[in-house]
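A.B. asks: Below is a structure I'd like to ask you about.
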Amino acid sequence: MDSVYDFFKRKRDWSKYKDLILDYYLGPYLQIVKRIRKPILVVDCFAGPGRFDDGQSGSPLIIANHLQKLHDLHFPVTGYFIEEATVLYNRLEDNVHDLTIPIETRFGSFRDHVAEIARLSQTHTVFVYVDPFKPTDVFFNDLELIYNQLKRRASVEVLMNFMSVGFLRGVESFRDRVIADGGLLENHALVLKWNEIAGGSYWQQIAYDDHLSPDERADRLAHCYADMLKKWFNCVLPFPIREKYEHKWPKYHLIFGSRHHKAAELMNRAMVKARREFVNDGFIKGHLFPNQPQKEILDPDTILRIVIETSREVGKTTWVDLRVQATVANPATYTDSEFNSAIKRVIREGKLASNCKGRKIEEAALVWPVD
Ligand SMILES: C[S@@+](CC[C@H](N)C(=O)[O-])C[C@H]1O[C@@H](n2cnc3c(N)ncnc32)[C@H](O)[C@@H]1O
């Protein structure tokens, strides 16, 4: 593994897609949450220096750029950036020094600042970005104090780089030590530690199941982690970030959690955009004959099928709930407006029952499966 200093020498291609998602999301997100009329706090728990050695913006400067637009309109915003490596922290301070928006930098581990962020979330709308360097950097319950504020009607959202593949490599490295006579030593210190990172023991089945491909393992792990986050968030969306489409492992998964379906749909749009850009860069741009994989070609019948299947699973519900459930079950695949068109069509074609006609979007209308 590169050292943390090598990491910032130049921005890697796959980091570009991670940053695109953050960047695509923050603009519309801030436009929506400014209506709540609470001050806005954007927290970067693993900030790094703010700028890569090749001149590209790191996450703190991407965040600051969006906050600046609201600040110019006199909305109260703060960027809150934490970094624990002295050299990188000093660079971060230099890089944010000339910004005109309120910035709070914090030196040290993010864990030492969780209580302060939890306190701030009682008065602020909070977005937390968690982009660690290695899987052992974040234990599942580390941010619990902040997430618990949701029970007090706080507005908190999280975008996390869940290091699914790093996690699998980590637990593979000690597999021989924790398996004896074909059984897992459940109380072994290493097993207990990785349970804490994962937030449960579900990883053991996934990581040590030799029938699963590496890709399936990483995906399953990320989906289980996402399910664990549902303890706090109604909508959780996992999205794999890859270096190359054909690679059998992703680099990691981004996982987004929110209580609000509007935020989840915005994030889903950002993920769809990044995914399509990724496919475009790899298979379409500069190719005389686009050769994207079959599953990346938008097939109108597939989205209709997804809507009908989701309706069967959830039963009678509202249009908007059906759309959100279909999104959560198929993250980063179709936008909300594509789902709306599909819902309209299945209603008009009589494949879904409804108390509306399916001619226009009626989010409060009831929809239910046709037997
Ligand atoms: C993957 S990098 C973050 C990159 C940054 N998000 C960006 O895109 O520009 C992780 C950073 O977190 C820092 N770090 C590691 N453990 C930390 C901790 N416990 N608290 C705060 N920062 C930490 C590392 O020094 C490193 O700069």
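Naming works like this for the structure tokens: A, B, ... for the chains as they're shown, residue 1 at the start of each chain, ligands 1 onward in shown order.
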How would you write, as a PyMOL selection string, the set of residues no farther than 10 Å from ligand 1 when counting only C-alpha atoms and all ligand atoms?
C.D. replies: chain A and resi 3-5+7-8+11+15-16+18-19+22+44-52+56-62+81-89+92+106-113+129-134+136-138+161
A.B. asks: Residues of the last selection are to be written out with C-alpha atoms, as a short mmCIF file (atom, residue, chain, number, x, y, z; two decimals), in the first residue's frame.
C.D. replies:
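Saved the output as selection37.cif:
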data_model
loop_
_atom_site.label_atom_id
_atom_site.label_comp_id
_atom_site.auth_asym_id
_atom_site.auth_seq_id
_atom_site.Cartn_x
_atom_site.Cartn_y
_atom_site.Cartn_z
CA SER A 3 1.94 5.79 2.09
CA VAL A 4 -0.58 8.50 2.81
CA TYR A 5 1.91 11.04 1.37
CA PHE A 7 -1.61 9.13 -2.08
CA PHE A 8 -1.62 12.90 -2.52
CA LYS A 11 -5.20 12.15 -8.11
CA SER A 15 -10.73 9.05 -7.24
CA LYS A 16 -12.08 11.22 -10.04
CA LYS A 18 -15.57 9.50 -6.17
CA ASP A 19 -15.03 13.27 -6.35
CA LEU A 22 -19.42 14.50 -4.10
CA ASP A 44 -14.79 16.24 6.08
CA CYS A 45 -13.60 13.67 8.65
CA PHE A 46 -10.52 12.64 6.62
CA ALA A 47 -9.67 15.87 4.89
CA GLY A 48 -6.08 15.42 3.67
CA PRO A 49 -4.20 18.53 2.50
CA GLY A 50 -6.98 20.06 0.39
CA ARG A 51 -4.97 19.97 -2.81
CA PHE A 52 -3.05 17.16 -4.51
CA GLN A 56 -6.15 19.09 -8.38
CA SER A 57 -8.60 19.94 -5.63
CA GLY A 58 -9.05 17.46 -2.81
CA SER A 59 -12.37 17.04 -1.02
CA PRO A 60 -12.01 20.11 1.29
CA LEU A 61 -11.61 22.44 -1.68
CA ILE A 62 -14.42 20.74 -3.60
CA PHE A 81 -12.17 19.79 8.06
CA ILE A 82 -10.29 17.25 10.20
CA GLU A 83 -6.83 15.84 9.49
CA GLU A 84 -4.55 13.87 11.78
CA ALA A 85 -1.19 13.89 9.96
CA THR A 86 0.80 16.99 10.96
CA VAL A 87 2.37 17.67 7.55
CA LEU A 88 -0.96 17.27 5.76
CA TYR A 89 -2.77 19.36 8.34
CA LEU A 92 -4.59 21.99 4.62
CA ARG A 106 -9.28 20.50 13.39
CA PHE A 107 -6.03 18.72 13.99
CA GLY A 108 -6.12 15.13 15.23
CA SER A 109 -8.37 12.14 14.88
CA PHE A 110 -11.97 12.64 13.78
CA ARG A 111 -12.95 10.58 16.85
CA ASP A 112 -11.88 13.45 19.08
CA HIS A 113 -14.31 15.76 17.31
CA TYR A 129 -18.01 13.00 4.38
CA VAL A 130 -15.95 10.01 5.50
CA ASP A 131 -13.05 9.11 3.22
CA PRO A 132 -10.53 7.05 5.20
CA PHE A 133 -7.19 5.77 4.03
CA LYS A 134 -7.62 2.17 5.21
CA THR A 136 -9.31 -0.05 10.05
CA ASP A 137 -9.58 3.77 10.23
CA VAL A 138 -13.34 3.69 10.93
CA ASN A 161 -16.01 5.52 1.37
#
A.B. asks: Do a neighbour search on A:Cys235 at 6 Å with only C-alpha atoms, toss out local chain neighbours closer than 4 positions, and write the hits as an MDAnalysis selection string.
C.D. replies: chainID A and resid 257:259
A.B. asks: List every residue of stretch 114-306 of chain A that DSSP, applied to the backbone, labels as helix (DSSP H, G or I), and write the result as an MDAnalysis selection string.
C.D. replies: chainID A and resid 114:120 135:137 140:152 164:173 175:178 189:198 202:207 214:229 261:284 294:296 300:306
A.B. asks: Of the residues A:Arg10, A:Thr125, A:Ala329, A:Tyr17, which is the one nearest to A:Arg35, using only C-alpha atoms?
C.D. replies: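 Distance minimum relative to A:Arg35 lands on A:Thr125.
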A.B. asks: Which is closer to A:Phe233 than all the others in A:Leu99, A:Ala264, A:Leu120, A:Leu192, using only C-alpha atoms?
C.D. replies: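 Closest residue, counting only C-alpha atoms: A:Ala264.
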A.B. asks: I'd like the neighbourhood of A:Val128 as a list of chain:residue names, where a residue qualifies if any of its atoms comes within 10 Å (using only C-alpha atoms), though same-chain residues fewer than 3 positions away should be ignored.
C.D. replies: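 Skipping anything fewer than 3 positions along the chain leaves A:Leu41, A:Val42, A:Val43, A:Asp44, A:Cys45, A:Tyr80, A:Ile117, A:Asp131, A:Leu143, A:Ile146, A:Val156, A:Glu157, A:Val158, A:Leu159, A:Met160, A:Phe256, A:Gly257.
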A.B. asks: With C-alpha atoms kept, could you save the residues just selected as a tab-separated table (two decimals), in the first residue's frame?
C.D. replies:
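Everything below was put into out_6.tsv:
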chain	number	residue	atom	x	y	z
A	41	LEU	CA	-22.13	22.46	8.24
A	42	VAL	CA	-20.19	20.23	5.87
A	43	VAL	CA	-17.75	17.97	7.70
A	44	ASP	CA	-14.79	16.24	6.08
A	45	CYS	CA	-13.60	13.67	8.65
A	80	TYR	CA	-15.31	21.68	9.08
A	117	ILE	CA	-20.10	17.67	15.56
A	131	ASP	CA	-13.05	9.11	3.22
A	143	LEU	CA	-20.09	8.28	14.31
A	146	ILE	CA	-23.81	12.15	15.39
A	156	VAL	CA	-27.69	14.58	9.13
A	157	GLU	CA	-26.45	12.87	6.00
A	158	VAL	CA	-23.39	10.77	5.43
A	159	LEU	CA	-21.33	9.88	2.39
A	160	MET	CA	-18.77	7.25	3.23
A	256	PHE	CA	-24.75	7.28	1.21
A	257	GLY	CA	-27.23	7.47	4.08
A.B. asks: With a distance cut-off of 9 Å and only C-alpha atoms, select the neighbouring residues of stretch 304-319 of chain A, excluding the residue or stretch itself and same-chain residues fewer than 6 positions from it, and output the selection as a PyMOL selection string.
C.D. replies: chain A and resi 325-326+329-330+339-340+342-343+345-346+351-352+354+361-370
A.B. asks: Store the residues of this selection in a file with N, CA and C atoms, as a PDB file, in the first residue's frame.
C.D. replies:
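Once everything was written out, this is selection.pdb:
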ATOM      1  N   GLN A 325     -38.440   3.154  -3.407  1.00  0.00           N
ATOM      2  CA  GLN A 325     -38.101   1.743  -3.134  1.00  0.00           C
ATOM      3  C   GLN A 325     -37.381   1.126  -4.336  1.00  0.00           C
ATOM      4  N   ALA A 326     -37.827   1.474  -5.537  1.00  0.00           N
ATOM      5  CA  ALA A 326     -37.173   0.942  -6.743  1.00  0.00           C
ATOM      6  C   ALA A 326     -35.736   1.474  -6.837  1.00  0.00           C
ATOM      7  N   ALA A 329     -33.530  -0.271  -4.173  1.00  0.00           N
ATOM      8  CA  ALA A 329     -33.238  -1.665  -4.542  1.00  0.00           C
ATOM      9  C   ALA A 329     -32.289  -1.751  -5.744  1.00  0.00           C
ATOM     10  N   ASN A 330     -32.192  -0.677  -6.512  1.00  0.00           N
ATOM     11  CA  ASN A 330     -31.321  -0.679  -7.715  1.00  0.00           C
ATOM     12  C   ASN A 330     -30.516   0.611  -7.750  1.00  0.00           C
ATOM     13  N   PHE A 339     -37.522   6.719 -13.620  1.00  0.00           N
ATOM     14  CA  PHE A 339     -38.521   5.895 -12.915  1.00  0.00           C
ATOM     15  C   PHE A 339     -39.925   6.492 -13.076  1.00  0.00           C
ATOM     16  N   ASN A 340     -40.031   7.832 -13.021  1.00  0.00           N
ATOM     17  CA  ASN A 340     -41.352   8.449 -13.202  1.00  0.00           C
ATOM     18  C   ASN A 340     -41.944   8.087 -14.559  1.00  0.00           C
ATOM     19  N   ALA A 342     -41.312   5.511 -16.327  1.00  0.00           N
ATOM     20  CA  ALA A 342     -41.672   4.080 -16.339  1.00  0.00           C
ATOM     21  C   ALA A 342     -42.978   3.853 -15.568  1.00  0.00           C
ATOM     22  N   ILE A 343     -43.128   4.559 -14.431  1.00  0.00           N
ATOM     23  CA  ILE A 343     -44.365   4.376 -13.639  1.00  0.00           C
ATOM     24  C   ILE A 343     -45.572   4.853 -14.458  1.00  0.00           C
ATOM     25  N   ARG A 345     -45.852   4.903 -17.598  1.00  0.00           N
ATOM     26  CA  ARG A 345     -46.135   3.957 -18.695  1.00  0.00           C
ATOM     27  C   ARG A 345     -46.834   2.688 -18.201  1.00  0.00           C
ATOM     28  N   VAL A 346     -46.344   2.101 -17.084  1.00  0.00           N
ATOM     29  CA  VAL A 346     -46.982   0.858 -16.628  1.00  0.00           C
ATOM     30  C   VAL A 346     -48.422   1.106 -16.170  1.00  0.00           C
ATOM     31  N   LYS A 351     -50.434  -2.272 -16.480  1.00  0.00           N
ATOM     32  CA  LYS A 351     -49.604  -3.291 -15.826  1.00  0.00           C
ATOM     33  C   LYS A 351     -49.461  -3.009 -14.331  1.00  0.00           C
ATOM     34  N   LEU A 352     -49.914  -1.834 -13.927  1.00  0.00           N
ATOM     35  CA  LEU A 352     -49.913  -1.439 -12.521  1.00  0.00           C
ATOM     36  C   LEU A 352     -51.243  -0.739 -12.269  1.00  0.00           C
ATOM     37  N   SER A 354     -53.780   1.860 -10.328  1.00  0.00           N
ATOM     38  CA  SER A 354     -53.596   3.151  -9.660  1.00  0.00           C
ATOM     39  C   SER A 354     -54.907   3.922  -9.624  1.00  0.00           C
ATOM     40  N   ILE A 361     -47.108  13.131 -13.613  1.00  0.00           N
ATOM     41  CA  ILE A 361     -46.566  12.628 -12.342  1.00  0.00           C
ATOM     42  C   ILE A 361     -47.490  13.049 -11.207  1.00  0.00           C
ATOM     43  N   GLU A 362     -47.946  12.073 -10.443  1.00  0.00           N
ATOM     44  CA  GLU A 362     -48.802  12.377  -9.278  1.00  0.00           C
ATOM     45  C   GLU A 362     -48.238  11.617  -8.085  1.00  0.00           C
ATOM     46  N   GLU A 363     -47.327  12.261  -7.383  1.00  0.00           N
ATOM     47  CA  GLU A 363     -46.551  11.556  -6.357  1.00  0.00           C
ATOM     48  C   GLU A 363     -47.409  10.994  -5.226  1.00  0.00           C
ATOM     49  N   ALA A 364     -48.564  11.630  -4.962  1.00  0.00           N
ATOM     50  CA  ALA A 364     -49.390  11.156  -3.848  1.00  0.00           C
ATOM     51  C   ALA A 364     -50.369  10.062  -4.283  1.00  0.00           C
ATOM     52  N   ALA A 365     -50.456   9.811  -5.587  1.00  0.00           N
ATOM     53  CA  ALA A 365     -51.411   8.797  -6.064  1.00  0.00           C
ATOM     54  C   ALA A 365     -51.046   7.423  -5.518  1.00  0.00           C
ATOM     55  N   LEU A 366     -52.043   6.571  -5.385  1.00  0.00           N
ATOM     56  CA  LEU A 366     -51.770   5.201  -4.917  1.00  0.00           C
ATOM     57  C   LEU A 366     -51.508   4.304  -6.119  1.00  0.00           C
ATOM     58  N   VAL A 367     -50.588   3.374  -5.939  1.00  0.00           N
ATOM     59  CA  VAL A 367     -50.300   2.396  -7.009  1.00  0.00           C
ATOM     60  C   VAL A 367     -50.218   1.021  -6.355  1.00  0.00           C
ATOM     61  N   TRP A 368     -50.638   0.014  -7.069  1.00  0.00           N
ATOM     62  CA  TRP A 368     -50.561  -1.326  -6.504  1.00  0.00           C
ATOM     63  C   TRP A 368     -50.465  -2.360  -7.643  1.00  0.00           C
ATOM     64  N   PRO A 369     -49.966  -3.536  -7.310  1.00  0.00           N
ATOM     65  CA  PRO A 369     -49.746  -4.510  -8.388  1.00  0.00           C
ATOM     66  C   PRO A 369     -51.043  -5.083  -8.948  1.00  0.00           C
ATOM     67  N   VAL A 370     -51.006  -5.422 -10.205  1.00  0.00           N
ATOM     68  CA  VAL A 370     -52.149  -6.070 -10.832  1.00  0.00           C
ATOM     69  C   VAL A 370     -51.887  -7.565 -10.687  1.00  0.00           C
TER      70      VAL A 370
END
A.B. asks: With a distance cut-off of 12 Å and only C-alpha atoms, select the neighbouring residues of stretch 66-77 of chain A, excluding the residue or stretch itself and same-chain residues fewer than 4 positions from it, and output the selection as a VMD selection string.
C.D. replies: chain A and resid 22 to 43 59 to 62 99 to 104 123 to 127
A.B. asks: One decimal, Å: what's the distance from atom CA of A:Lys344 over to atom CA of A:Ala274, could you say?
C.D. replies: 26.0 Å
